[in-house]
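Undergrad: Quick one, entry36.cif (mmCIF, C-alpha atoms):
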```cif
data_entry
#
loop_
_atom_site.label_atom_id
_atom_site.label_comp_id
_atom_site.auth_asym_id
_atom_site.auth_seq_id
_atom_site.Cartn_x
_atom_site.Cartn_y
_atom_site.Cartn_z
CA MET A 1 -34.06 15.96 56.04
CA ILE A 2 -36.18 16.04 52.94
CA ILE A 3 -34.67 14.57 49.79
CA LYS A 4 -36.29 14.97 46.41
CA VAL A 5 -35.41 13.07 43.25
CA LEU A 6 -36.49 15.10 40.25
CA GLY A 7 -37.31 13.17 37.14
CA GLY A 8 -39.90 12.10 34.62
CA GLY A 9 -39.81 8.47 35.61
CA CYS A 10 -37.09 7.15 33.33
CA ALA A 11 -34.69 4.40 34.36
CA ASN A 12 -32.00 6.81 35.53
CA CYS A 13 -34.37 8.54 37.90
CA LYS A 14 -35.38 5.25 39.48
CA LYS A 15 -31.73 4.26 39.82
CA THR A 16 -30.97 7.54 41.53
CA LYS A 17 -33.73 6.96 44.03
CA GLU A 18 -32.35 3.50 44.80
CA VAL A 19 -28.84 4.80 45.35
CA VAL A 20 -30.14 7.53 47.64
CA GLN A 21 -32.29 5.05 49.57
CA GLN A 22 -29.29 2.80 50.05
CA ALA A 23 -27.13 5.65 51.32
CA VAL A 24 -29.83 6.90 53.66
CA ASP A 25 -30.29 3.42 55.11
CA ASP A 26 -26.56 2.86 55.52
CA LEU A 27 -26.06 6.21 57.24
CA GLN A 28 -29.17 5.58 59.33
CA LEU A 29 -30.51 9.02 58.54
CA GLU A 30 -33.94 10.35 59.32
CA ALA A 31 -34.89 11.34 55.83
CA MET A 32 -37.93 11.45 53.57
CA ILE A 33 -37.27 10.61 49.92
CA GLU A 34 -39.74 12.02 47.44
CA GLU A 35 -39.98 11.47 43.71
CA VAL A 36 -40.99 14.62 41.87
CA SER A 37 -42.22 14.04 38.35
CA ASP A 38 -44.42 17.05 37.71
CA MET A 39 -42.72 19.18 35.08
CA ALA A 40 -43.74 22.47 36.59
CA ASP A 41 -42.26 21.47 39.94
CA ILE A 42 -39.03 20.18 38.40
CA MET A 43 -38.54 23.35 36.41
CA ARG A 44 -39.04 25.49 39.47
CA TYR A 45 -35.75 24.17 40.75
CA GLY A 46 -34.04 25.23 37.56
CA VAL A 47 -33.09 21.67 36.67
CA MET A 48 -32.94 20.91 32.97
CA SER A 49 -31.22 17.58 32.82
CA THR A 50 -32.93 14.95 34.88
CA PRO A 51 -32.39 13.20 37.18
CA GLY A 52 -31.93 15.98 39.65
CA LEU A 53 -31.26 15.76 43.35
CA VAL A 54 -32.58 18.20 45.91
CA ILE A 55 -31.73 18.08 49.62
CA ASN A 56 -33.65 20.33 52.00
CA GLU A 57 -34.82 22.46 49.07
CA LYS A 58 -31.32 22.99 47.73
CA VAL A 59 -30.36 21.56 44.35
CA VAL A 60 -27.19 19.57 44.89
CA GLY A 61 -26.78 18.02 41.48
CA SER A 62 -28.29 16.94 38.20
CA GLY A 63 -27.60 15.40 34.86
CA GLY A 64 -26.95 11.81 35.74
CA VAL A 65 -27.13 9.10 38.33
CA PRO A 66 -24.87 9.99 41.25
CA SER A 67 -22.50 7.37 42.54
CA TYR A 68 -23.06 5.91 45.97
CA ASP A 69 -20.03 7.78 47.32
CA GLN A 70 -21.25 11.07 45.94
CA VAL A 71 -24.63 10.60 47.61
CA VAL A 72 -23.03 9.72 50.94
CA ASP A 73 -20.87 12.80 50.72
CA LEU A 74 -23.84 15.03 49.87
CA LEU A 75 -25.92 13.61 52.71
CA GLN A 76 -23.14 14.16 55.20
CA GLN A 77 -22.67 17.72 54.03
CA ALA A 78 -26.38 18.34 54.46
CA ARG A 79 -26.48 16.79 57.87
CA ALA A 80 -23.57 18.87 59.12
CA MET B 1 -22.08 15.69 32.35
CA SER B 2 -23.59 15.33 35.76
CA THR B 3 -22.38 17.74 38.43
CA PHE B 4 -22.75 17.04 42.09
CA GLN B 5 -21.38 19.34 44.77
CA THR B 6 -19.25 16.83 46.54
CA THR B 7 -16.31 17.88 48.64
CA SER B 8 -14.36 14.64 48.75
CA PRO B 9 -11.37 14.53 46.40
CA PRO B 10 -11.07 11.68 43.90
CA THR B 11 -9.77 8.55 45.51
CA GLN B 12 -7.15 7.80 42.88
CA SER B 13 -3.69 9.14 43.56
CA GLY B 14 -2.11 11.51 41.03
CA TRP B 15 -0.38 9.29 38.54
CA ARG B 16 -2.47 6.14 38.46
CA LEU B 17 -5.38 7.29 36.37
CA PRO B 18 -3.35 8.93 33.58
CA ALA B 19 -1.18 5.83 33.51
CA MET B 20 -4.23 3.62 33.12
CA VAL B 21 -5.60 5.77 30.33
CA ALA B 22 -2.25 5.71 28.53
CA GLY B 23 -2.10 1.96 28.97
CA ALA B 24 -5.59 1.55 27.59
CA ALA B 25 -4.70 3.66 24.56
CA ILE B 26 -1.67 1.52 23.83
CA ILE B 27 -3.68 -1.68 24.12
CA TRP B 28 -6.31 -0.17 21.82
CA LEU B 29 -3.77 0.68 19.15
CA ALA B 30 -2.15 -2.73 19.39
CA LEU B 31 -5.50 -4.48 18.97
CA TRP B 32 -6.41 -2.16 16.10
CA ASN B 33 -3.38 -3.23 14.13
CA VAL B 34 -3.72 -6.89 14.81
CA ILE B 35 -7.35 -7.63 13.93
CA GLN B 36 -7.08 -7.74 10.13
CA PRO B 37 -4.15 -10.17 10.01
CA LEU B 38 -5.72 -12.14 12.83
CA ALA B 39 -9.06 -12.43 11.03
CA ASP B 40 -7.35 -13.52 7.83
CA TRP B 41 -5.19 -16.05 9.62
CA LEU B 42 -8.16 -17.51 11.48
CA SER B 43 -10.39 -17.81 8.43
CA TYR B 44 -7.86 -18.99 5.88
CA SER B 45 -5.26 -20.88 7.89
CA ALA B 46 -6.85 -22.02 11.11
CA PHE B 47 -10.29 -22.80 9.68
CA GLY B 48 -8.92 -23.65 6.26
CA LEU B 49 -11.49 -21.73 4.26
CA ALA B 50 -10.70 -20.67 0.72
CA PRO B 51 -10.25 -16.95 0.11
CA GLY B 52 -12.92 -15.75 -2.32
CA SER B 53 -15.34 -18.53 -1.42
CA HIS B 54 -18.71 -17.54 0.00
CA LEU B 55 -18.04 -18.94 3.45
CA GLY B 56 -14.47 -17.66 3.47
CA GLU B 57 -15.53 -14.13 2.62
CA ALA B 58 -18.37 -14.13 5.11
CA VAL B 59 -16.31 -15.49 7.99
CA SER B 60 -13.28 -13.26 7.52
CA PHE B 61 -15.59 -10.23 7.17
CA PHE B 62 -17.28 -11.14 10.42
CA LEU B 63 -14.07 -11.89 12.35
CA TYR B 64 -12.51 -8.63 11.23
CA ASP B 65 -15.47 -6.29 11.57
CA VAL B 66 -16.82 -7.33 14.95
CA PRO B 67 -13.68 -6.46 16.93
CA LYS B 68 -13.06 -3.46 14.68
CA ILE B 69 -16.47 -1.98 15.35
CA LEU B 70 -16.33 -2.76 19.05
CA LEU B 71 -12.94 -1.06 19.27
CA LEU B 72 -14.23 1.99 17.41
CA LEU B 73 -17.32 2.13 19.56
CA THR B 74 -15.30 2.03 22.75
CA GLY B 75 -12.85 4.67 21.58
CA MET B 76 -15.48 6.96 20.10
CA ILE B 77 -17.89 6.84 23.02
CA PHE B 78 -15.07 7.47 25.49
CA ILE B 79 -13.73 10.48 23.61
CA VAL B 80 -17.13 11.97 22.85
CA THR B 81 -18.17 11.64 26.50
CA ILE B 82 -15.01 13.43 27.63
CA ILE B 83 -15.73 16.25 25.18
CA ARG B 84 -19.29 16.43 26.41
CA SER B 85 -18.13 16.66 30.00
CA PHE B 86 -17.14 20.22 29.21
CA PHE B 87 -20.67 21.18 28.31
CA SER B 88 -23.98 21.18 30.06
CA PRO B 89 -27.58 22.00 29.10
CA GLU B 90 -27.55 24.89 31.57
CA GLN B 91 -24.48 26.41 29.94
CA THR B 92 -25.89 25.88 26.46
CA ARG B 93 -29.08 27.58 27.49
CA THR B 94 -27.10 30.61 28.63
CA LEU B 95 -25.04 30.64 25.45
CA LEU B 96 -28.11 30.51 23.23
CA GLY B 97 -30.11 33.12 25.11
CA GLY B 98 -30.83 36.16 23.04
CA LYS B 99 -29.43 34.81 19.78
CA ARG B 100 -31.70 35.45 16.86
CA GLU B 101 -32.57 33.28 13.93
CA GLY B 102 -29.70 32.39 11.66
CA LEU B 103 -26.72 32.63 13.97
CA GLY B 104 -28.79 31.13 16.75
CA ASN B 105 -29.70 28.12 14.62
CA VAL B 106 -26.11 27.48 13.63
CA LEU B 107 -24.92 27.78 17.20
CA ALA B 108 -27.76 25.59 18.45
CA ALA B 109 -26.95 22.86 15.94
CA GLY B 110 -23.29 22.95 16.89
CA LEU B 111 -24.07 22.87 20.57
CA GLY B 112 -26.58 20.09 19.99
CA VAL B 113 -23.65 17.98 18.96
CA VAL B 114 -21.55 18.54 22.07
CA THR B 115 -24.08 18.99 24.84
CA PRO B 116 -24.71 15.83 26.84
CA PHE B 117 -28.34 14.98 26.60
CA CYS B 118 -30.43 12.03 27.63
CA SER B 119 -33.74 11.51 25.85
CA CYS B 120 -35.62 11.52 29.09
CA SER B 121 -34.42 15.07 29.63
CA ALA B 122 -35.96 16.23 26.38
CA VAL B 123 -38.96 17.70 28.13
CA PRO B 124 -37.27 19.72 30.90
CA LEU B 125 -34.67 20.81 28.44
CA PHE B 126 -37.23 21.99 25.92
CA ILE B 127 -39.15 23.86 28.58
CA GLY B 128 -35.99 25.37 29.99
CA PHE B 129 -34.84 26.64 26.61
CA VAL B 130 -38.16 27.99 25.51
CA GLU B 131 -38.91 29.63 28.84
CA SER B 132 -35.64 31.51 28.88
CA GLY B 133 -36.51 33.22 25.65
CA ILE B 134 -34.69 31.03 23.16
CA PRO B 135 -36.74 31.14 19.95
CA LEU B 136 -38.68 27.98 19.07
CA GLY B 137 -36.78 27.52 15.82
CA VAL B 138 -33.41 27.71 17.55
CA THR B 139 -34.55 25.18 20.15
CA PHE B 140 -35.54 22.85 17.35
CA SER B 141 -32.17 23.18 15.66
CA PHE B 142 -30.73 21.91 18.91
CA LEU B 143 -33.22 19.07 19.21
CA ILE B 144 -32.65 17.89 15.65
CA ALA B 145 -28.85 18.05 15.85
CA THR B 146 -28.50 16.20 19.11
CA PRO B 147 -29.48 12.69 18.06
CA VAL B 148 -27.57 13.00 14.80
CA VAL B 149 -24.24 12.81 16.52
CA ASN B 150 -25.18 9.53 18.06
CA GLU B 151 -21.76 8.21 19.00
CA VAL B 152 -22.80 4.69 18.22
CA ALA B 153 -23.88 5.58 14.69
CA LEU B 154 -20.78 7.68 14.11
CA ALA B 155 -18.42 4.97 15.29
CA MET B 156 -20.07 2.46 13.01
CA LEU B 157 -20.06 4.78 10.03
CA LEU B 158 -16.39 5.48 10.59
CA GLY B 159 -15.60 1.82 10.87
CA LEU B 160 -17.63 0.54 7.97
CA PHE B 161 -17.76 3.46 5.55
CA GLY B 162 -14.64 5.44 6.30
CA TRP B 163 -14.15 8.96 7.59
CA ARG B 164 -15.31 10.73 4.41
CA ILE B 165 -18.79 9.26 4.58
CA ALA B 166 -18.93 9.83 8.31
CA ALA B 167 -17.98 13.47 7.74
CA ILE B 168 -20.63 13.89 5.02
CA TYR B 169 -23.20 12.39 7.35
CA LEU B 170 -22.20 14.78 10.11
CA VAL B 171 -22.29 17.86 7.92
CA SER B 172 -25.59 16.92 6.30
CA GLY B 173 -27.06 16.27 9.71
CA LEU B 174 -26.01 19.70 10.92
CA LEU B 175 -27.33 21.40 7.80
CA ILE B 176 -30.66 19.67 8.21
CA ALA B 177 -30.76 20.79 11.83
CA ILE B 178 -30.02 24.39 10.92
CA VAL B 179 -32.40 24.63 8.00
CA GLY B 180 -35.11 22.63 9.75
CA GLY B 181 -34.92 24.91 12.75
CA ILE B 182 -35.08 28.04 10.64
CA VAL B 183 -38.12 26.77 8.74
CA ILE B 184 -39.92 25.82 11.93
CA GLY B 185 -39.10 29.20 13.39
CA ARG B 186 -40.45 30.98 10.33
CA LEU B 187 -43.73 29.11 10.48
CA ARG B 188 -44.49 30.72 13.82
CA LEU B 189 -45.75 27.59 15.47
CA GLU B 190 -45.58 28.78 19.05
CA ARG B 191 -49.28 28.18 19.54
CA TYR B 192 -48.73 24.46 19.00
CA VAL B 193 -46.62 24.16 22.08
CA GLU B 194 -48.67 22.86 24.98
CA ASP B 195 -50.07 25.78 26.93
CA PHE B 196 -48.74 24.81 30.32
CA VAL B 197 -45.19 25.24 29.05
CA TRP B 198 -45.58 28.98 28.76
CA LYS B 199 -46.86 29.23 32.30
CA ILE B 200 -44.00 27.46 33.97
CA GLN B 201 -41.59 29.44 36.07
CA VAL B 202 -38.09 28.20 35.60
CA GLY B 203 -36.00 28.68 38.71
CA GLN B 204 -32.37 29.57 38.62
CA ALA B 205 -30.36 26.50 39.51
CA THR B 206 -28.15 27.46 42.41
CA GLN B 207 -25.36 25.10 41.52
CA THR B 208 -22.88 27.25 39.71
CA GLY B 209 -20.40 25.12 37.81
CA VAL B 210 -18.59 22.92 40.25
CA LYS B 211 -16.17 21.88 37.57
CA PRO B 212 -15.44 18.18 37.57
CA THR B 213 -11.84 17.14 37.88
CA TRP B 214 -10.09 15.24 35.11
CA SER B 215 -10.23 12.17 37.25
CA ARG B 216 -14.01 12.56 37.49
CA ARG B 217 -14.32 13.07 33.73
CA ILE B 218 -12.35 9.96 32.96
CA GLN B 219 -14.25 7.81 35.44
CA ASP B 220 -17.58 9.02 34.12
CA ALA B 221 -16.55 8.53 30.50
CA TRP B 222 -15.43 5.01 31.25
CA GLN B 223 -18.72 4.32 33.02
CA VAL B 224 -20.77 5.63 30.10
CA THR B 225 -18.67 3.66 27.61
CA ARG B 226 -19.17 0.44 29.54
CA ASP B 227 -22.86 1.13 29.83
CA ILE B 228 -23.47 1.83 26.15
CA VAL B 229 -21.22 -0.91 24.79
CA GLY B 230 -22.85 -3.30 27.23
CA ARG B 231 -26.27 -2.45 25.85
CA VAL B 232 -25.34 -2.43 22.21
CA TRP B 233 -22.72 -5.10 21.53
CA LEU B 234 -25.18 -7.88 20.79
CA PHE B 235 -26.93 -5.80 18.14
CA VAL B 236 -23.54 -5.07 16.62
CA VAL B 237 -22.65 -8.74 16.45
CA ILE B 238 -26.01 -9.70 14.98
CA GLY B 239 -25.91 -6.85 12.48
CA ILE B 240 -22.42 -7.75 11.34
CA ALA B 241 -23.33 -11.41 11.12
CA ILE B 242 -26.20 -10.56 8.81
CA GLY B 243 -23.95 -8.19 6.92
CA ALA B 244 -21.31 -10.90 6.62
CA GLY B 245 -23.88 -13.26 5.20
CA ILE B 246 -24.96 -10.69 2.63
CA HIS B 247 -21.35 -9.87 1.85
CA GLY B 248 -20.41 -13.47 1.24
CA TYR B 249 -23.52 -14.84 -0.37
CA MET B 250 -25.60 -12.21 -2.12
CA PRO B 251 -24.79 -11.75 -5.82
CA GLU B 252 -23.03 -8.52 -6.74
CA ASP B 253 -25.71 -6.46 -8.41
CA PHE B 254 -28.68 -8.06 -6.78
CA LEU B 255 -30.09 -4.89 -5.32
CA VAL B 256 -29.53 -2.43 -8.13
CA GLY B 257 -33.11 -2.71 -9.27
CA LEU B 258 -34.59 -2.48 -5.79
CA MET B 259 -32.41 0.09 -4.06
CA GLY B 260 -30.14 1.47 -6.74
CA ARG B 261 -30.03 4.99 -8.07
CA GLN B 262 -32.85 4.39 -10.55
CA ALA B 263 -35.33 3.21 -7.96
CA TRP B 264 -36.63 6.68 -7.09
CA TRP B 265 -39.10 5.51 -4.51
CA SER B 266 -36.45 3.77 -2.46
CA VAL B 267 -35.33 7.03 -0.82
CA PRO B 268 -38.68 7.98 0.75
CA ALA B 269 -39.30 4.33 1.59
CA ALA B 270 -35.93 4.16 3.33
CA VAL B 271 -36.72 7.25 5.38
CA LEU B 272 -40.09 5.86 6.44
CA LEU B 273 -38.51 2.57 7.38
CA GLY B 274 -35.95 4.31 9.53
CA ILE B 275 -38.40 6.01 11.84
CA PRO B 276 -39.30 3.09 14.10
CA LEU B 277 -35.79 1.64 14.10
CA TYR B 278 -33.98 4.05 16.40
CA SER B 279 -32.77 1.69 19.07
CA ASN B 280 -31.28 -0.62 16.51
CA ALA B 281 -28.82 1.80 14.92
CA ALA B 282 -26.02 -0.52 15.94
CA GLY B 283 -27.50 -3.54 14.21
CA VAL B 284 -28.86 -1.72 11.20
CA ILE B 285 -25.76 0.04 9.92
CA PRO B 286 -23.67 -3.07 9.16
CA VAL B 287 -26.61 -4.50 7.22
CA VAL B 288 -26.92 -1.31 5.19
CA HIS B 289 -23.20 -1.37 4.55
CA ALA B 290 -23.38 -4.88 3.17
CA LEU B 291 -26.41 -3.98 1.03
CA MET B 292 -24.44 -1.11 -0.44
CA GLY B 293 -21.87 -3.53 -1.74
CA LYS B 294 -24.66 -5.25 -3.64
CA GLY B 295 -26.00 -2.29 -5.54
CA ALA B 296 -27.93 -0.14 -3.07
CA ALA B 297 -27.20 3.52 -3.74
CA MET B 298 -25.22 5.69 -1.34
CA GLY B 299 -27.90 8.34 -1.01
CA THR B 300 -30.58 5.81 -0.16
CA ALA B 301 -28.34 4.23 2.45
CA LEU B 302 -27.44 7.61 3.93
CA ALA B 303 -31.09 8.65 4.06
CA PHE B 304 -31.95 5.47 5.82
CA MET B 305 -29.25 5.85 8.44
CA MET B 306 -30.15 9.46 9.11
CA SER B 307 -33.78 8.58 9.49
CA VAL B 308 -32.92 5.85 11.96
CA VAL B 309 -31.07 8.21 14.29
CA ALA B 310 -32.63 11.62 13.71
CA LEU B 311 -36.29 10.60 13.67
CA SER B 312 -36.49 8.69 16.86
CA LEU B 313 -39.93 7.40 17.73
CA PRO B 314 -39.22 7.20 21.47
CA GLU B 315 -38.05 10.79 21.57
CA ILE B 316 -41.03 11.96 19.56
CA LEU B 317 -43.31 10.23 22.03
CA ILE B 318 -41.57 12.00 24.87
CA LEU B 319 -41.88 15.37 23.17
CA ARG B 320 -45.60 14.76 22.86
CA LYS B 321 -45.82 15.95 26.44
CA VAL B 322 -44.87 19.47 25.46
CA LEU B 323 -45.79 19.69 21.80
CA LYS B 324 -49.21 19.43 20.26
CA MET B 325 -49.72 16.94 17.44
CA GLN B 326 -49.59 19.62 14.74
CA LEU B 327 -46.13 20.72 15.77
CA ILE B 328 -44.91 17.16 16.02
CA ALA B 329 -46.29 16.47 12.54
CA VAL B 330 -44.56 19.54 11.15
CA PHE B 331 -41.30 18.61 12.85
CA VAL B 332 -41.31 15.05 11.51
CA SER B 333 -42.34 16.16 8.03
CA ILE B 334 -39.69 18.83 7.73
CA VAL B 335 -36.87 16.65 8.97
CA GLY B 336 -38.14 13.71 6.91
CA LEU B 337 -38.31 15.87 3.80
CA ALA B 338 -34.85 17.27 4.39
CA ILE B 339 -33.44 13.78 4.72
CA ILE B 340 -35.20 12.66 1.55
CA VAL B 341 -33.79 15.61 -0.36
CA THR B 342 -30.33 14.83 0.98
CA GLY B 343 -30.75 11.23 -0.10
CA TYR B 344 -31.63 12.20 -3.66
CA LEU B 345 -28.79 14.66 -3.77
CA PHE B 346 -26.28 12.05 -2.86
CA ASN B 347 -27.70 9.52 -5.25
CA MET B 348 -27.06 12.06 -7.95
CA ILE B 349 -23.58 13.13 -7.06
CA ILE B 350 -21.90 10.05 -5.64
#
```
Give the structure from the file, written as structure tokens.
TA:
Amino acid sequence: MIIKVLGGGCANCKKTKEVVQQAVDDLQLEAMIEEVSDMADIMRYGVMSTPGLVINEKVVGSGGVPSYDQVVDLLQQARA
Amino acid sequence: MSTFQTTSPPTQSGWRLPAMVAGAAIIWLALWNVIQPLADWLSYSAFGLAPGSHLGEAVSFFLYDVPKILLLLTGMIFIVTIIRSFFSPEQTRTLLGGKREGLGNVLAAGLGVVTPFCSCSAVPLFIGFVESGIPLGVTFSFLIATPVVNEVALAMLLGLFGWRIAAIYLVSGLLIAIVGGIVIGRLRLERYVEDFVWKIQVGQATQTGVKPTWSRRIQDAWQVTRDIVGRVWLFVVIGIAIGAGIHGYMPEDFLVGLMGRQAWWSVPAAVLLGIPLYSNAAGVIPVVHALMGKGAAMGTALAFMMSVVALSLPEILILRKVLKMQLIAVFVSIVGLAIIVTGYLFNMII
């Protein structure tokens, strides 16, 4: 599973990455978490309000820091 | 509003959340009605200060205004966040697509007020708008309007200056956004946008409105409120303390010479001073309010407050990634000029 956190490096983007890392560890998933900060790449996903979250090349959310529960839910959906 | 495609339903059962919100509203109203009498009682009875004395005035001002502003902040941020949960940058982009100058600017300014927007998103948002064919001027109307309805500033204006001044501030801000955007559009400054912006391919986000539930909206709004109040409350307290000091101790017409209607240079000076002060809107407004009571003119104060929120140095620095210096200079000059003009106008009519 490849997870990408889209963002220009602001505090919210870092927080998102931490939440995702926590969820991945707790679920014991085999996942790679990448931080994407290049504007061209971010825009290619059609995300306009960072931070954005992409799982296996699919945009699953954007606009704010997801809660831990939301991330767990998204990861489980992706794994299924 | 953030949207994540989660399947799990909210964990609160049907009636609990509405009940909590209703309860909170009742507590809010009760507190609202009790703070003035409480402040008076504390200052004049419990602490035994004399009404009308310097210390008495300062203390009762402080004890009344701190909880009042904090209450207003909480209420305002909560409500504004709920309203914003119905909008998103993606939706706004769709709504603005294809609108020409004029109507587009008005719509953009209006949407700038209600679309949730974090400064760090300024760049992707700008690129997204511009790439989908929204004219540069219209995009700027949006960018100028957005920081104006800073909920913190609005709450403080409401609390310290009353709803009329807050309304004037809001309307002036919108007018500046509309006119500023039109002017920038007319100047045909597209070549001062960084080149890479035009080459970017914006993908179509696949998430099509998974509408958040009311429960989600309320939880998020509460979260945002806690976050902002948590970051800002100390500035509020400090600002009001300084304001209380000025209120109680500075002589009545002390500032008329320096910041009154006759001091013509005070308006541009106020606007310049406001540029680096963005993050301190919370602390700055109570001080301005107190200064007004000592002879500073309304227009000067208004210009200052607008400059503090609308010309935000951090946001300008962020926009530097997509705008060349010339465009940034034009943007700052036009908005600065518009605020100065507004300041003079109000000094003349109020």
Undergrad: Quick one: of A:Met39, A:Leu75, A:Tyr68, A:Thr50, who's nearest to Val197 of chain B, counting all atoms listed in the file?
TA: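 Looking at the shortest contact to Val197 of chain B, the residue is A:Met39.
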Undergrad: To verify the selection step, state as a list of chain:residue names which residues the PyMOL selection byres ((chain B and resi 245) around 10) yields on this input.
TA: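 Output of the PyMOL selection byres ((chain B and resi 245) around 10): B:His54, B:Leu55, B:Glu57, B:Ala58, B:Val59, B:Phe61, B:Phe62, B:Gly239, B:Ile240, B:Ala241, B:Ile242, B:Gly243, B:Ala244, B:Ile246, B:His247, B:Gly248, B:Tyr249, B:Met250, B:Val287, B:Ala290.
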Undergrad: Care to translate the PyMOL selection byres ((chain A) within 6 of (chain B)) into actual residues of this file, as a list in words?
TA: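 This file gives the following for the PyMOL selection byres ((chain A) within 6 of (chain B)): Ala40, Met43, Arg44, Tyr45, Gly46, Met48, Ser49, Thr50, Val60, Gly61, Ser62, Gly63, Gly64 and Leu74 of chain A.
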Undergrad: Pick the closest to Val24 of chain A from A:Val5, A:Ile55, A:Val71, A:Val47: which is it, counting only C-alpha atoms?
TA: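 Under the stated criterion, the closest residue is A:Val71.
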Undergrad: Calculate how many Å separate atom CA of Ile218 of chain B from atom CA of Gln70 of chain A, rounding to one decimal.
TA: 15.8 Å
Undergrad: Between atom CA of Thr225 of chain B and atom CA of Gln22 of chain A, measure the distance and give it in Å to one decimal.
TA: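 Separation between atom CA of Thr225 of chain B and atom CA of Gln22 of chain A: 24.8 Å.
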Undergrad: Using Å and a single decimal, report how far atom CA of Trp163 of chain B sits from atom CA of Asp65 of chain B.
TA: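 Interatomic distance here is 15.8 Å.
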Undergrad: Excluding same-chain residues fewer than 5 positions from Met156 of chain B, what lies within 8 Å of it counting all atoms listed in the file, as a ChimeraX atom specification?
TA: /B:69,72-73,161,282,285-286
Undergrad: Which of these residues is nearest to Arg231 of chain B, using all atoms listed in the file: B:Arg261, B:Ile168, B:Val152, B:Gln219?
TA: B:Val152
Undergrad: Written as a PyMOL selection string, which residues does the PyMOL selection byres ((chain B and resi 295) around 8) give for the file shown?
TA: chain B and resi 252-256+259-260+291-294+296-297
Undergrad: Which polymer residues have any atom within 9 Å of an atom of Asn12 of chain A, counting all atoms listed in the file, with same-chain residues fewer than 3 positions away left out, as a ChimeraX atom specification?
TA: /A:7,9,15-17,50-51,64-65 /B:120
Undergrad: Which is closer to Ile339 of chain B than all the others in B:Leu160, B:Leu17, B:Ala22, B:Val148, using all atoms listed in the file?
TA: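 Selected residue with least distance to Ile339 of chain B: B:Val148.
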Undergrad: What's the 9 Å shell around Leu71 of chain B, counting all atoms listed in the file, without same-chain residues fewer than 3 positions away, as a list in words?
TA: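 Surrounding residues, per the criterion: Trp28, Leu31, Trp32, Val66, Pro67, Lys68, Thr74, Gly75 and Met76 of chain B.
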Undergrad: Give me the residues within 12 Å of Leu29 of chain A as number ranges by chain, counting all atoms listed in the file and dropping any in the same chain fewer than 5 places off.
TA: A: 1-3, 20-24, 72, 75-76, 78-79
Undergrad: Restricting the calculation to only C-alpha atoms: of B:Tyr44, B:Trp233, B:Phe140, B:Trp222, which residue gets closest to Ile184 of chain B?
TA: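 Among B:Tyr44, B:Trp233, B:Phe140, B:Trp222, it is B:Phe140 that comes nearest to Ile184 of chain B.
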